[in-house]
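The structure appears below as structure tokens.
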Amino acid sequence: MKKSYKLEYRLNDERNQYPALYHYKFSDPYEIFCRRLCDYFIKEKKVYKQTSSSLEDEYYVIYVEEETDEYVFEHADSYQHVTLEVRDYKEYSVSPLIFTYDLYSHEEALSLIGNDYLWIQDEEYEKISAEIDEDRSTFVLYMVKA
């Protein structure tokens, strides 16, 4: 029998005993590892900021707070497979797309998300933040030229 890996997102709200927001089961742990490296989580047009993560019994847990100052991309591509968008970070405007990686696995995504620097089209970029955008089915790296 193949092992199942469980992930739970919880609201970082001690007063309400850290309520669970979302539950997931995965057949391999790489998607969980990618998600744990993301600073932001987008689902149902809400933006959450990761505050911490833990391993509790059989659950990987990511604690989040709702981020009301951030916005979601209304007019950007959605995907049907594992992808990673690299965007030129702009603090108060839309961050333009630099490059899209079409990937074969979350293990491949992990090899990119885990870096502080990437070389793209002969330019070095430094990571500002990473997110998982479930509404568009993609990982996103926000980067600036180094």
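Naming scheme: A, B, ... for chains in displayed order of the structure tokens; residues 1 onward per chain; ligands 1 onward as shown.
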
Residue contacts of range 119-132 of chain A (6 Å, only C-alpha atoms) excluding same-chain residues fewer than 3 positions away, as a count of residues only = 13

DSSP strand (DSSP E) selection over range 38-142 of chain A, as a PDB file with N, CA and C atoms, in the first residue's frame:
```pdb
ATOM      1  N   TYR A  40       3.270  32.822   0.217  1.00  0.00           N
ATOM      2  CA  TYR A  40       1.850  33.148   0.058  1.00  0.00           C
ATOM      3  C   TYR A  40       1.090  31.970  -0.527  1.00  0.00           C
ATOM      4  N   PHE A  41      -0.189  31.908  -0.196  1.00  0.00           N
ATOM      5  CA  PHE A  41      -1.105  30.856  -0.645  1.00  0.00           C
ATOM      6  C   PHE A  41      -2.376  31.549  -1.113  1.00  0.00           C
ATOM      7  N   ILE A  42      -2.788  31.284  -2.354  1.00  0.00           N
ATOM      8  CA  ILE A  42      -3.997  31.905  -2.898  1.00  0.00           C
ATOM      9  C   ILE A  42      -5.022  30.819  -3.186  1.00  0.00           C
ATOM     10  N   LYS A  43      -6.217  31.024  -2.646  1.00  0.00           N
ATOM     11  CA  LYS A  43      -7.311  30.089  -2.887  1.00  0.00           C
ATOM     12  C   LYS A  43      -8.620  30.849  -2.739  1.00  0.00           C
ATOM     13  N   LYS A  46      -8.671  34.615  -2.207  1.00  0.00           N
ATOM     14  CA  LYS A  46      -8.118  35.147  -0.960  1.00  0.00           C
ATOM     15  C   LYS A  46      -6.615  34.895  -0.949  1.00  0.00           C
ATOM     16  N   VAL A  47      -5.890  35.857  -0.406  1.00  0.00           N
ATOM     17  CA  VAL A  47      -4.438  35.739  -0.285  1.00  0.00           C
ATOM     18  C   VAL A  47      -4.109  35.514   1.186  1.00  0.00           C
ATOM     19  N   TYR A  48      -3.333  34.457   1.438  1.00  0.00           N
ATOM     20  CA  TYR A  48      -2.885  34.141   2.789  1.00  0.00           C
ATOM     21  C   TYR A  48      -1.371  34.222   2.833  1.00  0.00           C
ATOM     22  N   LYS A  49      -0.840  34.709   3.942  1.00  0.00           N
ATOM     23  CA  LYS A  49       0.604  34.751   4.161  1.00  0.00           C
ATOM     24  C   LYS A  49       0.971  33.656   5.146  1.00  0.00           C
ATOM     25  N   GLN A  50       1.979  32.877   4.783  1.00  0.00           N
ATOM     26  CA  GLN A  50       2.431  31.809   5.680  1.00  0.00           C
ATOM     27  C   GLN A  50       3.147  32.425   6.876  1.00  0.00           C
ATOM     28  N   THR A  51       2.791  31.953   8.078  1.00  0.00           N
ATOM     29  CA  THR A  51       3.466  32.428   9.290  1.00  0.00           C
ATOM     30  C   THR A  51       4.434  31.383   9.832  1.00  0.00           C
ATOM     31  N   SER A  52       4.119  30.097   9.619  1.00  0.00           N
ATOM     32  CA  SER A  52       5.000  29.023  10.088  1.00  0.00           C
ATOM     33  C   SER A  52       4.505  27.702   9.517  1.00  0.00           C
ATOM     34  N   SER A  53       5.279  26.658   9.768  1.00  0.00           N
ATOM     35  CA  SER A  53       4.873  25.309   9.368  1.00  0.00           C
ATOM     36  C   SER A  53       5.345  24.326  10.420  1.00  0.00           C
ATOM     37  N   SER A  54       4.689  23.169  10.443  1.00  0.00           N
ATOM     38  CA  SER A  54       5.067  22.158  11.429  1.00  0.00           C
ATOM     39  C   SER A  54       4.716  20.773  10.911  1.00  0.00           C
ATOM     40  N   LEU A  55       5.221  19.776  11.608  1.00  0.00           N
ATOM     41  CA  LEU A  55       4.867  18.383  11.346  1.00  0.00           C
ATOM     42  C   LEU A  55       4.261  17.855  12.631  1.00  0.00           C
ATOM     43  N   GLU A  56       2.986  17.500  12.567  1.00  0.00           N
ATOM     44  CA  GLU A  56       2.250  17.047  13.744  1.00  0.00           C
ATOM     45  C   GLU A  56       1.652  15.684  13.456  1.00  0.00           C
ATOM     46  N   TYR A  59       0.319  14.746   9.956  1.00  0.00           N
ATOM     47  CA  TYR A  59      -0.012  15.937   9.178  1.00  0.00           C
ATOM     48  C   TYR A  59       1.159  16.909   9.064  1.00  0.00           C
ATOM     49  N   TYR A  60       1.404  17.358   7.832  1.00  0.00           N
ATOM     50  CA  TYR A  60       2.201  18.558   7.635  1.00  0.00           C
ATOM     51  C   TYR A  60       1.204  19.703   7.794  1.00  0.00           C
ATOM     52  N   VAL A  61       1.589  20.749   8.504  1.00  0.00           N
ATOM     53  CA  VAL A  61       0.675  21.859   8.761  1.00  0.00           C
ATOM     54  C   VAL A  61       1.351  23.160   8.346  1.00  0.00           C
ATOM     55  N   ILE A  62       0.584  23.991   7.627  1.00  0.00           N
ATOM     56  CA  ILE A  62       1.035  25.327   7.273  1.00  0.00           C
ATOM     57  C   ILE A  62       0.071  26.309   7.928  1.00  0.00           C
ATOM     58  N   TYR A  63       0.615  27.189   8.755  1.00  0.00           N
ATOM     59  CA  TYR A  63      -0.190  28.215   9.432  1.00  0.00           C
ATOM     60  C   TYR A  63      -0.173  29.486   8.594  1.00  0.00           C
ATOM     61  N   VAL A  64      -1.344  30.092   8.431  1.00  0.00           N
ATOM     62  CA  VAL A  64      -1.462  31.273   7.573  1.00  0.00           C
ATOM     63  C   VAL A  64      -2.315  32.351   8.234  1.00  0.00           C
ATOM     64  N   GLU A  65      -2.137  33.577   7.743  1.00  0.00           N
ATOM     65  CA  GLU A  65      -2.995  34.707   8.108  1.00  0.00           C
ATOM     66  C   GLU A  65      -3.517  35.304   6.815  1.00  0.00           C
ATOM     67  N   GLU A  66      -4.758  35.755   6.826  1.00  0.00           N
ATOM     68  CA  GLU A  66      -5.293  36.388   5.623  1.00  0.00           C
ATOM     69  C   GLU A  66      -4.590  37.722   5.404  1.00  0.00           C
ATOM     70  N   THR A  83       3.270  24.134 -13.221  1.00  0.00           N
ATOM     71  CA  THR A  83       3.993  25.249 -13.836  1.00  0.00           C
ATOM     72  C   THR A  83       4.575  26.142 -12.747  1.00  0.00           C
ATOM     73  N   LEU A  84       5.546  26.934 -13.168  1.00  0.00           N
ATOM     74  CA  LEU A  84       6.143  27.937 -12.298  1.00  0.00           C
ATOM     75  C   LEU A  84       6.309  29.207 -13.118  1.00  0.00           C
ATOM     76  N   GLU A  85       5.621  30.247 -12.715  1.00  0.00           N
ATOM     77  CA  GLU A  85       5.794  31.548 -13.345  1.00  0.00           C
ATOM     78  C   GLU A  85       6.871  32.318 -12.594  1.00  0.00           C
ATOM     79  N   VAL A  86       7.696  33.031 -13.339  1.00  0.00           N
ATOM     80  CA  VAL A  86       8.656  33.958 -12.749  1.00  0.00           C
ATOM     81  C   VAL A  86       8.196  35.353 -13.145  1.00  0.00           C
ATOM     82  N   ARG A  87       7.994  36.206 -12.149  1.00  0.00           N
ATOM     83  CA  ARG A  87       7.488  37.561 -12.399  1.00  0.00           C
ATOM     84  C   ARG A  87       8.465  38.597 -11.854  1.00  0.00           C
ATOM     85  N   ASP A  88       8.545  39.715 -12.575  1.00  0.00           N
ATOM     86  CA  ASP A  88       9.373  40.845 -12.187  1.00  0.00           C
ATOM     87  C   ASP A  88       8.625  41.601 -11.089  1.00  0.00           C
ATOM     88  N   LEU A  97       5.152  39.186 -16.250  1.00  0.00           N
ATOM     89  CA  LEU A  97       5.683  37.841 -16.430  1.00  0.00           C
ATOM     90  C   LEU A  97       7.023  37.903 -17.156  1.00  0.00           C
ATOM     91  N   ILE A  98       8.031  37.231 -16.587  1.00  0.00           N
ATOM     92  CA  ILE A  98       9.352  37.144 -17.219  1.00  0.00           C
ATOM     93  C   ILE A  98       9.463  35.837 -17.993  1.00  0.00           C
ATOM     94  N   PHE A  99       9.034  34.739 -17.330  1.00  0.00           N
ATOM     95  CA  PHE A  99       9.238  33.411 -17.916  1.00  0.00           C
ATOM     96  C   PHE A  99       8.281  32.430 -17.252  1.00  0.00           C
ATOM     97  N   THR A 100       7.876  31.412 -17.990  1.00  0.00           N
ATOM     98  CA  THR A 100       7.052  30.328 -17.434  1.00  0.00           C
ATOM     99  C   THR A 100       7.771  29.007 -17.654  1.00  0.00           C
ATOM    100  N   TYR A 101       7.954  28.266 -16.581  1.00  0.00           N
ATOM    101  CA  TYR A 101       8.507  26.916 -16.655  1.00  0.00           C
ATOM    102  C   TYR A 101       7.349  25.930 -16.727  1.00  0.00           C
ATOM    103  N   ASP A 102       7.289  25.142 -17.797  1.00  0.00           N
ATOM    104  CA  ASP A 102       6.351  24.024 -17.890  1.00  0.00           C
ATOM    105  C   ASP A 102       7.079  22.814 -17.329  1.00  0.00           C
ATOM    106  N   TYR A 117      18.452  32.586  -5.986  1.00  0.00           N
ATOM    107  CA  TYR A 117      18.828  33.220  -7.251  1.00  0.00           C
ATOM    108  C   TYR A 117      18.580  32.244  -8.392  1.00  0.00           C
ATOM    109  N   LEU A 118      18.157  32.787  -9.547  1.00  0.00           N
ATOM    110  CA  LEU A 118      18.005  32.004 -10.774  1.00  0.00           C
ATOM    111  C   LEU A 118      18.576  32.798 -11.939  1.00  0.00           C
ATOM    112  N   TRP A 119      19.151  32.078 -12.900  1.00  0.00           N
ATOM    113  CA  TRP A 119      19.580  32.676 -14.159  1.00  0.00           C
ATOM    114  C   TRP A 119      18.503  32.390 -15.183  1.00  0.00           C
ATOM    115  N   ILE A 120      17.940  33.457 -15.764  1.00  0.00           N
ATOM    116  CA  ILE A 120      16.892  33.328 -16.769  1.00  0.00           C
ATOM    117  C   ILE A 120      17.249  34.228 -17.932  1.00  0.00           C
ATOM    118  N   GLU A 123      20.216  36.509 -17.551  1.00  0.00           N
ATOM    119  CA  GLU A 123      20.121  37.527 -16.491  1.00  0.00           C
ATOM    120  C   GLU A 123      19.981  36.814 -15.144  1.00  0.00           C
ATOM    121  N   GLU A 124      20.628  37.356 -14.124  1.00  0.00           N
ATOM    122  CA  GLU A 124      20.497  36.794 -12.783  1.00  0.00           C
ATOM    123  C   GLU A 124      19.382  37.532 -12.041  1.00  0.00           C
ATOM    124  N   TYR A 125      18.503  36.739 -11.410  1.00  0.00           N
ATOM    125  CA  TYR A 125      17.385  37.291 -10.645  1.00  0.00           C
ATOM    126  C   TYR A 125      17.447  36.802  -9.200  1.00  0.00           C
ATOM    127  N   GLU A 126      17.037  37.670  -8.299  1.00  0.00           N
ATOM    128  CA  GLU A 126      16.989  37.347  -6.873  1.00  0.00           C
ATOM    129  C   GLU A 126      15.534  37.204  -6.434  1.00  0.00           C
ATOM    130  N   LYS A 127      15.271  36.149  -5.669  1.00  0.00           N
ATOM    131  CA  LYS A 127      13.904  35.882  -5.217  1.00  0.00           C
ATOM    132  C   LYS A 127      13.493  36.859  -4.121  1.00  0.00           C
ATOM    133  N   ILE A 128      12.300  37.423  -4.276  1.00  0.00           N
ATOM    134  CA  ILE A 128      11.680  38.263  -3.254  1.00  0.00           C
ATOM    135  C   ILE A 128      10.695  37.428  -2.443  1.00  0.00           C
ATOM    136  N   SER A 129       9.845  36.665  -3.159  1.00  0.00           N
ATOM    137  CA  SER A 129       8.888  35.786  -2.476  1.00  0.00           C
ATOM    138  C   SER A 129       8.403  34.719  -3.440  1.00  0.00           C
ATOM    139  N   ALA A 130       7.707  33.737  -2.874  1.00  0.00           N
ATOM    140  CA  ALA A 130       7.124  32.645  -3.668  1.00  0.00           C
ATOM    141  C   ALA A 130       5.690  32.439  -3.218  1.00  0.00           C
ATOM    142  N   GLU A 131       4.855  31.988  -4.165  1.00  0.00           N
ATOM    143  CA  GLU A 131       3.463  31.714  -3.813  1.00  0.00           C
ATOM    144  C   GLU A 131       2.951  30.509  -4.580  1.00  0.00           C
ATOM    145  N   ILE A 132       1.924  29.904  -4.024  1.00  0.00           N
ATOM    146  CA  ILE A 132       1.137  28.897  -4.732  1.00  0.00           C
ATOM    147  C   ILE A 132      -0.214  29.541  -4.987  1.00  0.00           C
ATOM    148  N   ASP A 133      -0.576  29.644  -6.257  1.00  0.00           N
ATOM    149  CA  ASP A 133      -1.855  30.220  -6.644  1.00  0.00           C
ATOM    150  C   ASP A 133      -2.743  29.074  -7.100  1.00  0.00           C
ATOM    151  N   THR A 138      -0.765  27.314 -10.385  1.00  0.00           N
ATOM    152  CA  THR A 138       0.641  27.573 -10.674  1.00  0.00           C
ATOM    153  C   THR A 138       1.382  28.031  -9.419  1.00  0.00           C
ATOM    154  N   PHE A 139       2.672  27.786  -9.419  1.00  0.00           N
ATOM    155  CA  PHE A 139       3.576  28.402  -8.459  1.00  0.00           C
ATOM    156  C   PHE A 139       4.083  29.684  -9.091  1.00  0.00           C
ATOM    157  N   VAL A 140       4.393  30.689  -8.273  1.00  0.00           N
ATOM    158  CA  VAL A 140       4.895  31.961  -8.789  1.00  0.00           C
ATOM    159  C   VAL A 140       6.099  32.383  -7.946  1.00  0.00           C
ATOM    160  N   LEU A 141       7.178  32.762  -8.635  1.00  0.00           N
ATOM    161  CA  LEU A 141       8.326  33.382  -7.979  1.00  0.00           C
ATOM    162  C   LEU A 141       8.331  34.851  -8.356  1.00  0.00           C
ATOM    163  N   TYR A 142       8.418  35.711  -7.354  1.00  0.00           N
ATOM    164  CA  TYR A 142       8.581  37.152  -7.584  1.00  0.00           C
ATOM    165  C   TYR A 142      10.058  37.455  -7.402  1.00  0.00           C
TER     166      TYR A 142
END
```

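The two atoms in question, CA of Arg136 in chain A and CA of Pro96 in chain A, are spaced 15.8 Å apart.
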
Secondary structure check, alpha helix (DSSP H) residues of chain A, as a short mmCIF file (atom, residue, chain, number, x, y, z; two decimals) with all heavy atoms, in the first residue's frame:
```cif
data_model
loop_
_atom_site.label_atom_id
_atom_site.label_comp_id
_atom_site.auth_asym_id
_atom_site.auth_seq_id
_atom_site.Cartn_x
_atom_site.Cartn_y
_atom_site.Cartn_z
N TYR A 30 6.50 15.83 -2.45
CA TYR A 30 7.14 16.98 -3.09
C TYR A 30 6.24 18.19 -3.22
O TYR A 30 6.70 19.32 -3.09
CB TYR A 30 7.72 16.58 -4.45
CG TYR A 30 8.87 15.62 -4.31
CD1 TYR A 30 8.73 14.28 -4.66
CD2 TYR A 30 10.09 16.04 -3.76
CE1 TYR A 30 9.78 13.39 -4.51
CE2 TYR A 30 11.14 15.16 -3.59
CZ TYR A 30 10.97 13.84 -3.96
OH TYR A 30 12.01 12.97 -3.79
N GLU A 31 4.95 17.99 -3.47
CA GLU A 31 4.07 19.15 -3.54
C GLU A 31 3.98 19.83 -2.18
O GLU A 31 3.95 21.06 -2.08
CB GLU A 31 2.68 18.79 -4.04
CG GLU A 31 1.82 20.03 -4.20
CD GLU A 31 0.52 19.82 -4.95
OE1 GLU A 31 0.30 18.72 -5.48
OE2 GLU A 31 -0.27 20.76 -5.00
N ILE A 32 3.97 19.05 -1.11
CA ILE A 32 3.95 19.63 0.24
C ILE A 32 5.23 20.44 0.47
O ILE A 32 5.17 21.56 0.98
CB ILE A 32 3.80 18.54 1.31
CG1 ILE A 32 2.43 17.88 1.19
CG2 ILE A 32 4.00 19.12 2.72
CD1 ILE A 32 2.24 16.66 2.06
N PHE A 33 6.37 19.89 0.07
CA PHE A 33 7.63 20.60 0.26
C PHE A 33 7.63 21.92 -0.53
O PHE A 33 8.11 22.95 -0.04
CB PHE A 33 8.82 19.73 -0.15
CG PHE A 33 8.95 18.45 0.64
CD1 PHE A 33 9.62 17.38 0.10
CD2 PHE A 33 8.38 18.31 1.90
CE1 PHE A 33 9.75 16.19 0.81
CE2 PHE A 33 8.50 17.14 2.63
CZ PHE A 33 9.19 16.07 2.07
N CYS A 34 7.09 21.91 -1.75
CA CYS A 34 6.99 23.14 -2.54
C CYS A 34 6.10 24.15 -1.82
O CYS A 34 6.45 25.33 -1.72
CB CYS A 34 6.40 22.84 -3.91
SG CYS A 34 7.50 21.99 -5.05
N ARG A 35 4.97 23.70 -1.33
CA ARG A 35 4.03 24.60 -0.66
C ARG A 35 4.65 25.21 0.61
O ARG A 35 4.41 26.37 0.92
CB ARG A 35 2.74 23.87 -0.31
CG ARG A 35 1.87 23.58 -1.51
CD ARG A 35 0.74 22.62 -1.15
NE ARG A 35 -0.15 22.38 -2.25
CZ ARG A 35 -1.28 23.06 -2.46
NH1 ARG A 35 -1.65 24.01 -1.63
NH2 ARG A 35 -2.04 22.77 -3.50
N ARG A 36 5.45 24.42 1.33
CA ARG A 36 6.06 24.93 2.55
C ARG A 36 7.09 26.02 2.26
O ARG A 36 7.39 26.84 3.12
CB ARG A 36 6.69 23.78 3.34
CG ARG A 36 5.64 22.90 3.99
CD ARG A 36 6.22 21.60 4.50
NE ARG A 36 7.37 21.75 5.35
CZ ARG A 36 7.46 21.37 6.60
NH1 ARG A 36 6.44 20.79 7.18
NH2 ARG A 36 8.57 21.52 7.28
N HIS A 106 6.37 17.94 -9.28
CA HIS A 106 6.61 18.86 -8.17
C HIS A 106 8.06 18.77 -7.69
O HIS A 106 8.58 19.72 -7.12
CB HIS A 106 5.62 18.59 -7.03
CG HIS A 106 4.26 19.09 -7.37
ND1 HIS A 106 3.29 18.27 -7.91
CD2 HIS A 106 3.71 20.31 -7.28
CE1 HIS A 106 2.21 18.98 -8.13
NE2 HIS A 106 2.43 20.22 -7.76
N GLU A 107 8.69 17.64 -7.93
CA GLU A 107 10.10 17.52 -7.60
C GLU A 107 10.91 18.51 -8.44
O GLU A 107 11.83 19.18 -7.94
CB GLU A 107 10.57 16.09 -7.86
CG GLU A 107 11.98 15.80 -7.40
CD GLU A 107 12.34 14.34 -7.54
OE1 GLU A 107 11.53 13.53 -8.03
OE2 GLU A 107 13.47 14.01 -7.15
N GLU A 108 10.55 18.66 -9.70
CA GLU A 108 11.21 19.64 -10.56
C GLU A 108 10.91 21.07 -10.09
O GLU A 108 11.78 21.93 -10.09
CB GLU A 108 10.75 19.43 -12.00
CG GLU A 108 11.58 20.12 -13.03
CD GLU A 108 11.16 19.77 -14.45
OE1 GLU A 108 10.16 19.07 -14.66
OE2 GLU A 108 11.86 20.24 -15.36
N ALA A 109 9.67 21.33 -9.69
CA ALA A 109 9.30 22.65 -9.16
C ALA A 109 10.12 22.97 -7.91
O ALA A 109 10.59 24.09 -7.74
CB ALA A 109 7.81 22.70 -8.85
N LEU A 110 10.30 21.97 -7.06
CA LEU A 110 11.07 22.15 -5.82
C LEU A 110 12.50 22.59 -6.13
O LEU A 110 13.06 23.43 -5.42
CB LEU A 110 11.06 20.85 -5.02
CG LEU A 110 11.76 20.85 -3.68
CD1 LEU A 110 11.09 21.83 -2.72
CD2 LEU A 110 11.72 19.44 -3.09
N SER A 111 13.07 22.06 -7.21
CA SER A 111 14.46 22.41 -7.56
C SER A 111 14.58 23.87 -7.97
O SER A 111 15.68 24.44 -7.93
CB SER A 111 14.98 21.50 -8.67
OG SER A 111 14.39 21.83 -9.91
N LEU A 112 13.48 24.51 -8.36
CA LEU A 112 13.50 25.93 -8.73
C LEU A 112 13.08 26.83 -7.57
O LEU A 112 13.71 27.84 -7.30
CB LEU A 112 12.59 26.16 -9.93
CG LEU A 112 13.03 25.48 -11.23
CD1 LEU A 112 11.90 25.46 -12.23
CD2 LEU A 112 14.26 26.18 -11.78
N ILE A 113 12.00 26.47 -6.89
CA ILE A 113 11.46 27.30 -5.81
C ILE A 113 12.46 27.46 -4.67
O ILE A 113 12.51 28.50 -4.02
CB ILE A 113 10.13 26.71 -5.28
CG1 ILE A 113 9.07 26.78 -6.37
CG2 ILE A 113 9.65 27.45 -4.04
CD1 ILE A 113 7.80 26.02 -6.03
#
```

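Atom to atom, CA of Thr68 in chain A and CA of Asp13 in chain A stand 15.7 Å apart.
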
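Nearest-residue note for Tyr5 in chain A: choosing from A:Leu37, A:Gln17, A:Asp57, A:Glu44, the minimum distance belongs to A:Asp57, counting only C-alpha atoms.
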
A straight line from CA of Asp69 in chain A to CA of Tyr24 in chain A spans 26.7 Å
